[in-house]
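> Contents of input-v6.pdb (PDB, C-alpha atoms) are below:
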```pdb
ATOM      1  CA  MET L 173     132.619 103.019  83.974
ATOM      2  CA  SER L 174     135.428 101.461  81.922
ATOM      3  CA  ASN L 175     134.224  97.963  82.865
ATOM      4  CA  LYS L 176     130.770  98.726  81.478
ATOM      5  CA  THR L 177     131.700 100.224  78.123
ATOM      6  CA  PHE L 178     132.047  98.464  74.763
ATOM      7  CA  ASP L 179     135.644  98.457  73.557
ATOM      8  CA  VAL L 180     134.777  99.112  69.909
ATOM      9  CA  VAL L 181     138.000 101.007  69.280
ATOM     10  CA  GLY L 182     140.112  98.148  70.616
ATOM     11  CA  LYS L 183     138.315  95.666  68.354
ATOM     12  CA  ARG L 184     138.248  97.918  65.302
ATOM     13  CA  LYS L 185     140.576  95.698  63.271
ATOM     14  CA  ILE L 186     138.129  92.824  63.601
ATOM     15  CA  PHE L 187     135.307  95.049  62.337
ATOM     16  CA  TYR L 188     137.420  96.249  59.419
ATOM     17  CA  ILE L 189     138.364  92.685  58.439
ATOM     18  CA  ILE L 190     134.701  91.602  58.475
ATOM     19  CA  SER L 191     133.645  94.556  56.335
ATOM     20  CA  ILE L 192     136.510  94.179  53.859
ATOM     21  CA  ALA L 193     135.775  90.451  53.552
ATOM     22  CA  VAL L 194     132.097  91.077  52.692
ATOM     23  CA  ILE L 195     132.963  93.795  50.175
ATOM     24  CA  ALA L 196     135.668  91.618  48.588
ATOM     25  CA  LEU L 197     133.176  88.751  48.370
ATOM     26  CA  ALA L 198     130.762  91.042  46.528
ATOM     27  CA  PHE L 199     133.429  91.987  43.966
ATOM     28  CA  ILE L 200     134.437  88.351  43.490
ATOM     29  CA  PHE L 201     130.805  87.311  43.109
ATOM     30  CA  THR L 202     130.327  90.050  40.505
ATOM     31  CA  ALA L 203     133.386  88.917  38.543
ATOM     32  CA  VAL L 204     132.317  85.252  38.569
ATOM     33  CA  PHE L 205     128.535  85.442  38.171
ATOM     34  CA  GLY L 206     127.939  89.010  37.021
ATOM     35  CA  MET L 207     125.076  91.184  38.211
ATOM     36  CA  ASN L 208     121.502  91.298  37.010
ATOM     37  CA  VAL L 209     120.791  94.783  35.681
ATOM     38  CA  ALA L 210     117.090  95.468  35.183
ATOM     39  CA  ILE L 211     115.676  96.431  31.811
ATOM     40  CA  GLU L 212     114.798  99.887  33.115
ATOM     41  CA  PHE L 213     118.564 100.562  33.308
ATOM     42  CA  LYS L 214     119.946  98.733  30.264
ATOM     43  CA  GLY L 215     116.996  98.718  27.873
ATOM     44  CA  GLY L 216     114.743  96.023  26.438
ATOM     45  CA  THR L 217     111.115  94.922  26.318
ATOM     46  CA  ILE L 218     108.718  93.774  29.052
ATOM     47  CA  ILE L 219     105.496  92.021  28.031
ATOM     48  CA  SER L 220     102.964  90.939  30.646
ATOM     49  CA  TYR L 221     100.241  88.357  30.003
ATOM     50  CA  SER L 222      97.237  87.606  32.165
ATOM     51  CA  TYR L 223      96.399  83.927  32.569
ATOM     52  CA  ASP L 224      93.915  81.559  34.202
ATOM     53  CA  GLY L 225      94.712  78.776  36.644
ATOM     54  CA  THR L 226      98.385  77.958  37.134
ATOM     55  CA  ILE L 227     101.311  78.232  34.755
ATOM     56  CA  ASP L 228     104.974  77.229  34.722
ATOM     57  CA  GLU L 229     106.926  80.450  34.284
ATOM     58  CA  ASN L 230     110.101  78.533  33.354
ATOM     59  CA  ALA L 231     108.265  76.783  30.507
ATOM     60  CA  VAL L 232     106.886  80.118  29.298
ATOM     61  CA  ALA L 233     110.363  81.688  29.409
ATOM     62  CA  ALA L 234     111.871  78.756  27.498
ATOM     63  CA  ALA L 235     109.139  78.947  24.838
ATOM     64  CA  ALA L 236     109.530  82.742  24.496
ATOM     65  CA  GLN L 237     113.294  82.402  24.157
ATOM     66  CA  GLU L 238     112.840  79.753  21.449
ATOM     67  CA  ILE L 239     110.345  81.910  19.526
ATOM     68  CA  THR L 240     112.265  85.204  19.668
ATOM     69  CA  GLY L 241     115.821  83.905  19.777
ATOM     70  CA  GLN L 242     116.553  86.296  22.654
ATOM     71  CA  GLN L 243     117.235  85.776  26.346
ATOM     72  CA  CYS L 244     114.025  85.855  28.377
ATOM     73  CA  ASN L 245     113.185  85.944  32.078
ATOM     74  CA  ALA L 246     109.686  85.199  33.354
ATOM     75  CA  THR L 247     108.183  86.398  36.626
ATOM     76  CA  LEU L 248     104.780  85.568  38.057
ATOM     77  CA  GLY L 249     102.797  88.331  39.743
ATOM     78  CA  GLU L 250      99.384  89.696  40.564
ATOM     79  CA  SER L 251      97.950  93.075  39.669
ATOM     80  CA  LEU L 252      96.867  95.038  42.732
ATOM     81  CA  ALA L 253      94.427  97.028  40.598
ATOM     82  CA  ASP L 254      92.188  94.235  39.316
ATOM     83  CA  GLY L 255      93.566  91.057  40.898
ATOM     84  CA  GLU L 256      94.656  89.558  37.548
ATOM     85  CA  THR L 257      97.412  86.948  37.776
ATOM     86  CA  THR L 258     100.168  87.802  35.329
ATOM     87  CA  VAL L 259     103.381  86.415  33.912
ATOM     88  CA  ALA L 260     105.874  89.106  32.896
ATOM     89  CA  LEU L 261     108.418  88.316  30.183
ATOM     90  CA  SER L 262     111.580  90.434  30.173
ATOM     91  CA  PHE L 263     113.816  90.649  27.105
ATOM     92  CA  PRO L 264     116.990  92.621  27.901
ATOM     93  CA  SER L 265     118.165  93.971  24.562
ATOM     94  CA  SER L 266     119.611  97.139  23.077
ATOM     95  CA  SER L 267     117.045  97.056  20.268
ATOM     96  CA  GLY L 268     113.993  95.524  21.989
ATOM     97  CA  LEU L 269     111.348  93.485  20.202
ATOM     98  CA  THR L 270     109.662  94.817  17.088
ATOM     99  CA  ALA L 271     105.869  94.920  16.831
ATOM    100  CA  ASP L 272     105.902  91.969  14.403
ATOM    101  CA  VAL L 273     108.000  89.835  16.733
ATOM    102  CA  GLN L 274     105.741  90.702  19.684
ATOM    103  CA  ALA L 275     102.666  89.730  17.651
ATOM    104  CA  GLN L 276     104.269  86.447  16.635
ATOM    105  CA  LEU L 277     105.301  85.768  20.230
ATOM    106  CA  SER L 278     101.793  86.338  21.551
ATOM    107  CA  GLU L 279     100.267  84.108  18.891
ATOM    108  CA  GLU L 280     102.697  81.259  19.553
ATOM    109  CA  LEU L 281     102.363  81.458  23.336
ATOM    110  CA  GLN L 282      98.568  81.518  23.162
ATOM    111  CA  SER L 283      98.729  78.418  21.001
ATOM    112  CA  ARG L 284     101.202  76.516  23.201
ATOM    113  CA  PHE L 285      99.497  77.469  26.469
ATOM    114  CA  ALA L 286      95.906  77.426  25.259
ATOM    115  CA  SER L 287      94.575  76.066  28.552
ATOM    116  CA  SER L 288      95.925  79.109  30.421
ATOM    117  CA  ASN L 289      94.019  81.677  28.293
ATOM    118  CA  LEU L 290      97.022  83.971  27.846
ATOM    119  CA  GLU L 291      96.085  87.556  26.993
ATOM    120  CA  ILE L 292      98.377  90.575  26.623
ATOM    121  CA  TYR L 293      98.098  92.643  29.798
ATOM    122  CA  SER L 294     100.759  95.285  29.115
ATOM    123  CA  SER L 295     103.796  95.925  26.935
ATOM    124  CA  GLN L 296     106.697  98.286  27.570
ATOM    125  CA  ASP L 297     109.828  99.152  25.593
ATOM    126  CA  VAL L 298     112.768 100.843  27.326
ATOM    127  CA  ASP L 299     115.374 102.608  25.212
ATOM    128  CA  PRO L 300     118.963 101.877  26.369
ATOM    129  CA  SER L 301     119.878 105.566  26.436
ATOM    130  CA  THR L 302     116.843 106.296  28.619
ATOM    131  CA  GLY L 303     117.771 103.489  31.004
ATOM    132  CA  SER L 304     121.407 104.536  31.305
ATOM    133  CA  GLY L 305     120.323 108.144  31.795
ATOM    134  CA  PHE L 306     117.990 107.132  34.616
ATOM    135  CA  PHE L 307     120.750 105.085  36.256
ATOM    136  CA  GLY L 308     123.150 108.019  35.956
ATOM    137  CA  LYS L 309     120.662 110.360  37.624
ATOM    138  CA  CYS L 310     120.259 107.900  40.505
ATOM    139  CA  ILE L 311     124.036 107.773  41.006
ATOM    140  CA  VAL L 312     124.226 111.580  40.893
ATOM    141  CA  ALA L 313     121.502 111.747  43.566
ATOM    142  CA  VAL L 314     123.514 109.448  45.840
ATOM    143  CA  ILE L 315     126.761 111.404  45.293
ATOM    144  CA  PHE L 316     125.014 114.736  45.857
ATOM    145  CA  SER L 317     123.520 113.385  49.106
ATOM    146  CA  ALA L 318     126.979 112.328  50.281
ATOM    147  CA  ILE L 319     128.452 115.775  49.553
ATOM    148  CA  VAL L 320     125.633 117.538  51.389
ATOM    149  CA  MET L 321     126.139 115.231  54.385
ATOM    150  CA  ILE L 322     129.854 115.998  54.562
ATOM    151  CA  ILE L 323     129.115 119.746  54.494
ATOM    152  CA  TYR L 324     126.385 119.475  57.129
ATOM    153  CA  ILE L 325     128.374 117.249  59.495
ATOM    154  CA  GLY L 326     131.494 119.341  58.945
ATOM    155  CA  PHE L 327     129.612 122.454  60.084
ATOM    156  CA  ARG L 328     127.553 120.823  62.830
ATOM    157  CA  PHE L 329     130.452 118.957  64.466
ATOM    158  CA  ARG L 330     133.318 121.329  63.772
ATOM    159  CA  LYS L 331     134.368 121.125  67.456
ATOM    160  CA  ILE L 332     135.366 117.469  66.969
ATOM    161  CA  GLY L 333     136.997 117.875  63.561
ATOM    162  CA  GLY L 334     133.853 118.250  61.468
ATOM    163  CA  TRP L 335     135.167 117.434  57.990
ATOM    164  CA  VAL L 336     136.912 114.324  59.326
ATOM    165  CA  ALA L 337     133.666 113.204  60.974
ATOM    166  CA  GLY L 338     131.769 113.889  57.751
ATOM    167  CA  CYS L 339     134.184 111.875  55.609
ATOM    168  CA  CYS L 340     134.109 108.958  58.061
ATOM    169  CA  ALA L 341     130.302 109.032  58.018
ATOM    170  CA  VAL L 342     130.286 108.873  54.206
ATOM    171  CA  VAL L 343     132.759 105.967  54.270
ATOM    172  CA  ALA L 344     130.313 104.172  56.577
ATOM    173  CA  LEU L 345     127.463 104.933  54.155
ATOM    174  CA  VAL L 346     129.445 103.513  51.232
ATOM    175  CA  HIS L 347     130.086 100.478  53.422
ATOM    176  CA  ASP L 348     126.323 100.050  53.953
ATOM    177  CA  MET L 349     125.602 100.394  50.240
ATOM    178  CA  CYS L 350     128.208  97.718  49.497
ATOM    179  CA  PHE L 351     126.417  95.394  51.914
ATOM    180  CA  VAL L 352     123.109  96.047  50.118
ATOM    181  CA  TYR L 353     124.810  95.406  46.789
ATOM    182  CA  ALA L 354     126.274  92.135  48.126
ATOM    183  CA  CYS L 355     122.802  91.095  49.296
ATOM    184  CA  CYS L 356     121.310  91.745  45.834
ATOM    185  CA  LEU L 357     124.127  89.782  44.190
ATOM    186  CA  ILE L 358     123.850  86.747  46.433
ATOM    187  CA  CYS L 359     120.039  86.689  46.278
ATOM    188  CA  ARG L 360     120.184  87.393  42.512
ATOM    189  CA  PHE L 361     117.884  90.403  42.746
ATOM    190  CA  ASP L 362     117.957  92.798  39.817
ATOM    191  CA  VAL L 363     119.768  96.113  40.138
ATOM    192  CA  ASP L 364     116.703  98.259  39.484
ATOM    193  CA  SER L 365     114.703 101.146  40.907
ATOM    194  CA  ASN L 366     114.061  99.115  44.070
ATOM    195  CA  PHE L 367     117.816  98.847  44.586
ATOM    196  CA  MET L 368     118.253 102.606  44.230
ATOM    197  CA  ALA L 369     115.304 103.248  46.574
ATOM    198  CA  VAL L 370     116.922 101.026  49.212
ATOM    199  CA  LEU L 371     120.226 102.919  48.903
ATOM    200  CA  LEU L 372     118.551 106.291  49.376
ATOM    201  CA  THR L 373     116.536 104.966  52.326
ATOM    202  CA  ILE L 374     119.669 103.575  53.988
ATOM    203  CA  LEU L 375     121.395 106.942  53.559
ATOM    204  CA  GLY L 376     118.804 108.519  55.821
ATOM    205  CA  TYR L 377     118.664 105.794  58.455
ATOM    206  CA  SER L 378     122.388 105.174  58.756
ATOM    207  CA  ILE L 379     123.461 108.808  58.849
ATOM    208  CA  ASN L 380     120.909 109.504  61.577
ATOM    209  CA  ALA L 381     122.436 106.832  63.832
ATOM    210  CA  THR L 382     125.948 108.103  63.100
ATOM    211  CA  ILE L 383     125.002 111.701  63.915
ATOM    212  CA  ILE L 384     123.586 110.594  67.273
ATOM    213  CA  ILE L 385     126.935 109.023  68.164
ATOM    214  CA  TYR L 386     128.862 112.083  66.976
ATOM    215  CA  ASP L 387     126.611 114.200  69.166
ATOM    216  CA  ARG L 388     127.444 112.035  72.189
ATOM    217  CA  ILE L 389     131.175 112.282  71.383
ATOM    218  CA  ARG L 390     130.935 116.072  71.217
ATOM    219  CA  GLU L 391     129.061 116.287  74.517
ATOM    220  CA  ASN L 392     131.397 113.866  76.292
ATOM    221  CA  ARG L 393     134.413 115.744  75.007
ATOM    222  CA  ARG L 394     132.946 118.945  76.424
ATOM    223  CA  LEU L 395     132.250 117.232  79.774
ATOM    224  CA  TYR L 396     135.527 115.358  80.198
ATOM    225  CA  GLY L 397     137.932 117.547  78.219
ATOM    226  CA  GLU L 398     141.415 116.049  78.311
ATOM    227  CA  GLY L 399     140.365 113.651  81.074
ATOM    228  CA  LYS L 400     139.641 110.923  78.555
ATOM    229  CA  THR L 401     141.452 109.796  75.427
ATOM    230  CA  LEU L 402     139.695 109.732  72.057
ATOM    231  CA  ALA L 403     139.329 105.961  72.328
ATOM    232  CA  GLU L 404     137.705 106.242  75.762
ATOM    233  CA  LEU L 405     135.368 108.983  74.525
ATOM    234  CA  VAL L 406     134.265 106.895  71.548
ATOM    235  CA  ASN L 407     133.788 103.724  73.592
ATOM    236  CA  LEU L 408     131.708 105.638  76.131
ATOM    237  CA  SER L 409     129.648 107.424  73.472
ATOM    238  CA  VAL L 410     128.931 104.223  71.526
ATOM    239  CA  THR L 411     127.895 102.470  74.734
ATOM    240  CA  GLN L 412     125.532 105.302  75.646
ATOM    241  CA  SER L 413     123.968 105.361  72.172
ATOM    242  CA  PHE L 414     123.939 101.655  71.375
ATOM    243  CA  GLY L 415     120.611 100.816  73.002
ATOM    244  CA  ARG L 416     118.837 103.655  71.242
ATOM    245  CA  SER L 417     120.335 102.709  67.865
ATOM    246  CA  VAL L 418     119.356  99.068  68.208
ATOM    247  CA  HIS L 419     115.827  99.741  69.462
ATOM    248  CA  THR L 420     115.137 102.345  66.759
ATOM    249  CA  THR L 421     116.344 100.058  63.982
ATOM    250  CA  ALA L 422     114.697  96.940  65.424
ATOM    251  CA  THR L 423     111.198  98.365  64.956
ATOM    252  CA  THR L 424     111.802  98.950  61.238
ATOM    253  CA  VAL L 425     113.619  95.628  60.782
ATOM    254  CA  ILE L 426     110.732  93.717  62.373
ATOM    255  CA  ALA L 427     108.244  95.439  60.064
ATOM    256  CA  MET L 428     110.386  94.767  56.977
ATOM    257  CA  ALA L 429     111.022  91.162  58.034
ATOM    258  CA  THR L 430     107.266  90.634  58.304
ATOM    259  CA  ILE L 431     106.839  92.040  54.801
ATOM    260  CA  CYS L 432     109.567  89.675  53.559
ATOM    261  CA  ILE L 433     107.748  86.665  55.002
ATOM    262  CA  VAL L 434     104.426  87.721  53.489
ATOM    263  CA  SER L 435     106.117  88.378  50.125
ATOM    264  CA  LEU L 436     107.713  84.929  50.155
ATOM    265  CA  ILE L 437     104.403  83.253  50.939
ATOM    266  CA  ALA L 438     102.541  85.259  48.296
ATOM    267  CA  GLY L 439     105.371  84.997  45.768
ATOM    268  CA  VAL L 440     105.596  88.776  45.239
ATOM    269  CA  GLU L 441     109.251  89.169  44.258
ATOM    270  CA  SER L 442     108.950  92.875  43.438
ATOM    271  CA  ILE L 443     108.245  93.644  47.118
ATOM    272  CA  LEU L 444     110.731  91.082  48.418
ATOM    273  CA  SER L 445     113.521  92.625  46.315
ATOM    274  CA  PHE L 446     112.956  95.883  48.196
ATOM    275  CA  ALA L 447     112.196  94.662  51.720
ATOM    276  CA  PHE L 448     114.998  92.110  52.184
ATOM    277  CA  PRO L 449     117.902  94.301  50.969
ATOM    278  CA  LEU L 450     116.468  97.054  53.171
ATOM    279  CA  VAL L 451     116.668  94.731  56.195
ATOM    280  CA  ILE L 452     120.308  93.958  55.368
ATOM    281  CA  GLY L 453     121.014  97.657  54.855
ATOM    282  CA  LEU L 454     119.435  98.599  58.186
ATOM    283  CA  LEU L 455     121.485  95.987  60.038
ATOM    284  CA  ALA L 456     124.625  97.129  58.216
ATOM    285  CA  GLY L 457     123.743 100.705  59.185
ATOM    286  CA  VAL L 458     123.636  99.883  62.898
ATOM    287  CA  TYR L 459     126.934  98.028  62.555
ATOM    288  CA  SER L 460     128.712 100.810  60.638
ATOM    289  CA  SER L 461     127.319 103.623  62.796
ATOM    290  CA  ASN L 462     128.617 101.987  65.975
ATOM    291  CA  CYS L 463     131.703 100.119  64.809
ATOM    292  CA  ILE L 464     133.015 101.712  61.593
ATOM    293  CA  ALA L 465     132.395 105.474  61.498
ATOM    294  CA  PRO L 466     133.396 106.316  65.124
ATOM    295  CA  THR L 467     136.476 104.078  65.089
ATOM    296  CA  LEU L 468     137.629 105.536  61.772
ATOM    297  CA  TRP L 469     137.151 108.994  63.271
ATOM    298  CA  THR L 470     139.270 107.971  66.273
ATOM    299  CA  VAL L 471     142.170 106.843  64.065
ATOM    300  CA  TRP L 472     142.014 109.821  61.715
ATOM    301  CA  GLN L 473     141.394 112.527  64.318
ATOM    302  CA  GLY L 474     144.006 110.977  66.598
ATOM    303  CA  ALA L 475     146.608 111.267  63.836
ATOM    304  CA  ILE L 476     145.656 114.933  63.296
ATOM    305  CA  ASP L 477     145.854 115.707  67.025
ATOM    306  CA  ARG L 478     149.285 114.059  67.291
ATOM    307  CA  ARG L 479     150.548 116.035  64.318
ATOM    308  CA  HIS L 480     149.308 119.292  65.817
ATOM    309  CA  ALA L 481     150.855 118.454  69.200
ATOM    310  CA  LYS L 482     154.179 117.677  67.541
ATOM    311  CA  ALA L 483     154.086 120.946  65.591
ATOM    312  CA  ALA L 484     153.330 122.936  68.757
ATOM    313  CA  LYS L 485     156.481 121.725  70.504
TER     314      LYS L 485
END
```
Give the structure from the file, written as structure tokens.

Amino acid sequence: MSNKTFDVVGKRKIFYIISIAVIALAFIFTAVFGMNVAIEFKGGTIISYSYDGTIDENAVAAAAQEITGQQCNATLGESLADGETTVALSFPSSSGLTADVQAQLSEELQSRFASSNLEIYSSQDVDPSTGSGFFGKCIVAVIFSAIVMIIYIGFRFRKIGGWVAGCCAVVALVHDMCFVYACCLICRFDVDSNFMAVLLTILGYSINATIIIYDRIRENRRLYGEGKTLAELVNLSVTQSFGRSVHTTATTVIAMATICIVSLIAGVESILSFAFPLVIGLLAGVYSSNCIAPTLWTVWQGAIDRRHAKAAK
């Protein structure tokens, strides 16, 4: 059996180095380039215009920035409700755009891009306090989920050191969220509601795979008792669960990858900014569930067992 098992515990340092390198890269990337925080979190104004034919969103953004004197980002899209092609102008600002400035902007853009028949499609102002409050609630939801998971795993797997298993599972979840964050930074996706939705989705997927492995460790410990070391139990349990974890995740990854391709072809960035980070998060979840959480548990629980054995002498 030993020749057929994956030696994840023996290679744990390699896994830790890879994970630390990715997380460090994310922090460095943040320090150098910063992160794009969506208006819904930091406040500002979003104005969408419908248009005919084709339009250069970069030219529209440059013109809007010249007219208002504020930073502007332009994104092309299509309304699913009526099929209208739209260009959305985002102005991240603590004060937003006044009604007079918005009226002047619309008049100037309609004049400069007369052939495109620009018409106001929608306008939205987001107060900074509202945005920060929404972001805070999202963070609280993630933290609350982590606490509940530690309590549940601690109770469910108390025979294998439940609270240790729970903490290791949460460390793996934080690891997955860091990978999603790194993906958004490198791809220059906004940190917005899509980002938070991906994090909450990954919490469910990743913890499920980790619990399956913990369940195998508990059963193998009951079957083999002291006949196997913690490292052997973990290697065996990961090997037994690996196929199921990969096959379960692969179905979702294939579906999300297909959505990514369609979004790229259609130019729908709002869907792409959800689907692609979710793919990265799912892959990170398989990796952490099989290589991070169980190996961390082995190190931590092994130290506890050695301390108890030393105290019993």
> Under the PyMOL selection byres ((chain L and resi 177) around 10), which residues of this model are included? Write them out as number ranges by chain.
L: 173-176, 178-180, 404, 406-412
> List, as a PDB file with C-alpha atoms, in the coordinates of the input, every residue that the PyMOL selection byres ((chain L and resi 244) around 10) selects in the file provided.

```pdb
ATOM      1  CA  THR L 217     111.115  94.922  26.318  1.00  0.00           C
ATOM      2  CA  ILE L 218     108.718  93.774  29.052  1.00  0.00           C
ATOM      3  CA  ASN L 230     110.101  78.533  33.354  1.00  0.00           C
ATOM      4  CA  VAL L 232     106.886  80.118  29.298  1.00  0.00           C
ATOM      5  CA  ALA L 233     110.363  81.688  29.409  1.00  0.00           C
ATOM      6  CA  ALA L 234     111.871  78.756  27.498  1.00  0.00           C
ATOM      7  CA  ALA L 235     109.139  78.947  24.838  1.00  0.00           C
ATOM      8  CA  ALA L 236     109.530  82.742  24.496  1.00  0.00           C
ATOM      9  CA  GLN L 237     113.294  82.402  24.157  1.00  0.00           C
ATOM     10  CA  GLU L 238     112.840  79.753  21.449  1.00  0.00           C
ATOM     11  CA  THR L 240     112.265  85.204  19.668  1.00  0.00           C
ATOM     12  CA  GLY L 241     115.821  83.905  19.777  1.00  0.00           C
ATOM     13  CA  GLN L 242     116.553  86.296  22.654  1.00  0.00           C
ATOM     14  CA  GLN L 243     117.235  85.776  26.346  1.00  0.00           C
ATOM     15  CA  ASN L 245     113.185  85.944  32.078  1.00  0.00           C
ATOM     16  CA  ALA L 246     109.686  85.199  33.354  1.00  0.00           C
ATOM     17  CA  ALA L 260     105.874  89.106  32.896  1.00  0.00           C
ATOM     18  CA  LEU L 261     108.418  88.316  30.183  1.00  0.00           C
ATOM     19  CA  SER L 262     111.580  90.434  30.173  1.00  0.00           C
ATOM     20  CA  PHE L 263     113.816  90.649  27.105  1.00  0.00           C
ATOM     21  CA  PRO L 264     116.990  92.621  27.901  1.00  0.00           C
ATOM     22  CA  SER L 265     118.165  93.971  24.562  1.00  0.00           C
TER      23      SER L 265
END
```
> Please list as an MDAnalysis selection string every residue within 10 Å of L:Gln274, counting all atoms listed in the file and excluding residues in the same chain fewer than 3 positions away.
chainID L and resid 217 219 239:240 268:271 277:280 295
> On this file, the PyMOL selection byres ((chain L and resi 368) around 10) gives some set of residues; write that set as a list in words.
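Here the PyMOL selection byres ((chain L and resi 368) around 10) matches Phe307, Cys310, Ile311, Ala313, Val314, Met349, Val363, Asp364, Ser365, Asn366, Phe367, Ala369, Val370, Leu371, Leu372, Thr373, Ile374 and Phe446 of chain L.
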> So which residues touch L:Leu197 within 8 Å, counting only C-alpha atoms, skipping near sequence neighbours fewer than 4 positions away, as a VMD selection string?
chain L and resid 193 201 354
> Work out how far atom CA of L:Phe414 is from atom CA of L:Phe329, in Å to one decimal.
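Distance reported for this atom pair: 19.7 Å.
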> Restricting the calculation to all atoms listed in the file: of L:Pro466, L:Gly249, L:Gly206, L:Pro449, which residue gets closest to L:Asp348?
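Closest residue, counting all atoms listed in the file: L:Pro449.
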> Please check which residues have atoms at most 10 Å from (125.7, 96.3, 59.7) in the file's coordinates, counting all atoms listed in the file, and write them as a ChimeraX atom specification.
/L:191,344,347-348,351-352,378,451-464
> Edge lengths and centre in Å to one decimal, as lines of an AutoDock Vina configuration file, of the axis-aligned box that encloses all listed atoms of stretch 290-298 of chain L with 4 Å added on every side?

```
center_x = 104.4
center_y = 92.4
center_z = 27.7
size_x = 24.7
size_y = 24.9
size_z = 12.2
```
> Taking all atoms listed in the file into account, name the residue in L:Tyr386, L:Tyr377, L:Phe285, L:Phe205 that is nearest to L:Arg328.
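Comparing L:Tyr386, L:Tyr377, L:Phe285, L:Phe205 against L:Arg328, the winner is L:Tyr386.
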> So which one's closest to L:Ala341, L:Met428, L:Ile389, L:Ile190, L:Ile322? Using only C-alpha atoms, please.
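Under the stated criterion, the closest residue is L:Ile322.
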> Near L:Phe448, within 9 Å and counting all atoms listed in the file, which residues show up once chain neighbours fewer than 4 positions away are dropped, as a compact mmCIF listing (two decimals) with C-alpha atoms, in the frame of the given file?

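Output (around_1.txt):
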```txt
# COMPACT_ATOMS: atom_id res chain seq x y z
CA CYS L 355 122.80 91.10 49.30
CA CYS L 356 121.31 91.74 45.83
CA MET L 428 110.39 94.77 56.98
CA ALA L 429 111.02 91.16 58.03
CA ILE L 431 106.84 92.04 54.80
CA CYS L 432 109.57 89.68 53.56
CA ILE L 443 108.24 93.64 47.12
CA LEU L 444 110.73 91.08 48.42
CA ILE L 452 120.31 93.96 55.37
CA GLY L 453 121.01 97.66 54.86
```
> Output requested as an mmCIF file, in the frame of the given file - stretch 335-350 of chain L, filled out with N, CA and C atoms.

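Below is the file that was written, result.cif:
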```cif
data_model
loop_
_atom_site.group_PDB
_atom_site.id
_atom_site.type_symbol
_atom_site.label_atom_id
_atom_site.label_comp_id
_atom_site.auth_asym_id
_atom_site.auth_seq_id
_atom_site.Cartn_x
_atom_site.Cartn_y
_atom_site.Cartn_z
ATOM 1 N N TRP L 335 135.018 118.034 59.316
ATOM 2 C CA TRP L 335 135.167 117.434 57.990
ATOM 3 C C TRP L 335 135.663 115.997 58.085
ATOM 4 N N VAL L 336 136.461 115.699 59.099
ATOM 5 C CA VAL L 336 136.912 114.324 59.326
ATOM 6 C C VAL L 336 135.720 113.439 59.691
ATOM 7 N N ALA L 337 134.868 113.945 60.582
ATOM 8 C CA ALA L 337 133.666 113.204 60.974
ATOM 9 C C ALA L 337 132.756 112.977 59.772
ATOM 10 N N GLY L 338 132.616 114.015 58.932
ATOM 11 C CA GLY L 338 131.769 113.889 57.751
ATOM 12 C C GLY L 338 132.292 112.847 56.787
ATOM 13 N N CYS L 339 133.599 112.859 56.523
ATOM 14 C CA CYS L 339 134.184 111.875 55.609
ATOM 15 C C CYS L 339 134.054 110.457 56.159
ATOM 16 N N CYS L 340 134.248 110.287 57.457
ATOM 17 C CA CYS L 340 134.109 108.958 58.061
ATOM 18 C C CYS L 340 132.660 108.473 57.975
ATOM 19 N N ALA L 341 131.710 109.394 58.133
ATOM 20 C CA ALA L 341 130.302 109.032 58.018
ATOM 21 C C ALA L 341 129.977 108.575 56.606
ATOM 22 N N VAL L 342 130.540 109.256 55.607
ATOM 23 C CA VAL L 342 130.286 108.873 54.206
ATOM 24 C C VAL L 342 130.938 107.528 53.894
ATOM 25 N N VAL L 343 132.125 107.282 54.446
ATOM 26 C CA VAL L 343 132.759 105.967 54.270
ATOM 27 C C VAL L 343 131.848 104.873 54.826
ATOM 28 N N ALA L 344 131.239 105.144 55.981
ATOM 29 C CA ALA L 344 130.313 104.172 56.577
ATOM 30 C C ALA L 344 129.087 103.972 55.691
ATOM 31 N N LEU L 345 128.614 105.050 55.055
ATOM 32 C CA LEU L 345 127.463 104.933 54.155
ATOM 33 C C LEU L 345 127.817 104.101 52.924
ATOM 34 N N VAL L 346 128.996 104.325 52.367
ATOM 35 C CA VAL L 346 129.445 103.513 51.232
ATOM 36 C C VAL L 346 129.540 102.050 51.648
ATOM 37 N N HIS L 347 130.017 101.826 52.852
ATOM 38 C CA HIS L 347 130.086 100.478 53.422
ATOM 39 C C HIS L 347 128.701 99.839 53.444
ATOM 40 N N ASP L 348 127.695 100.584 53.894
ATOM 41 C CA ASP L 348 126.323 100.050 53.953
ATOM 42 C C ASP L 348 125.785 99.740 52.566
ATOM 43 N N MET L 349 126.073 100.622 51.610
ATOM 44 C CA MET L 349 125.602 100.394 50.240
ATOM 45 C C MET L 349 126.267 99.169 49.623
ATOM 46 N N CYS L 350 127.530 98.923 49.976
ATOM 47 C CA CYS L 350 128.208 97.718 49.497
ATOM 48 C C CYS L 350 127.557 96.464 50.068
#
```
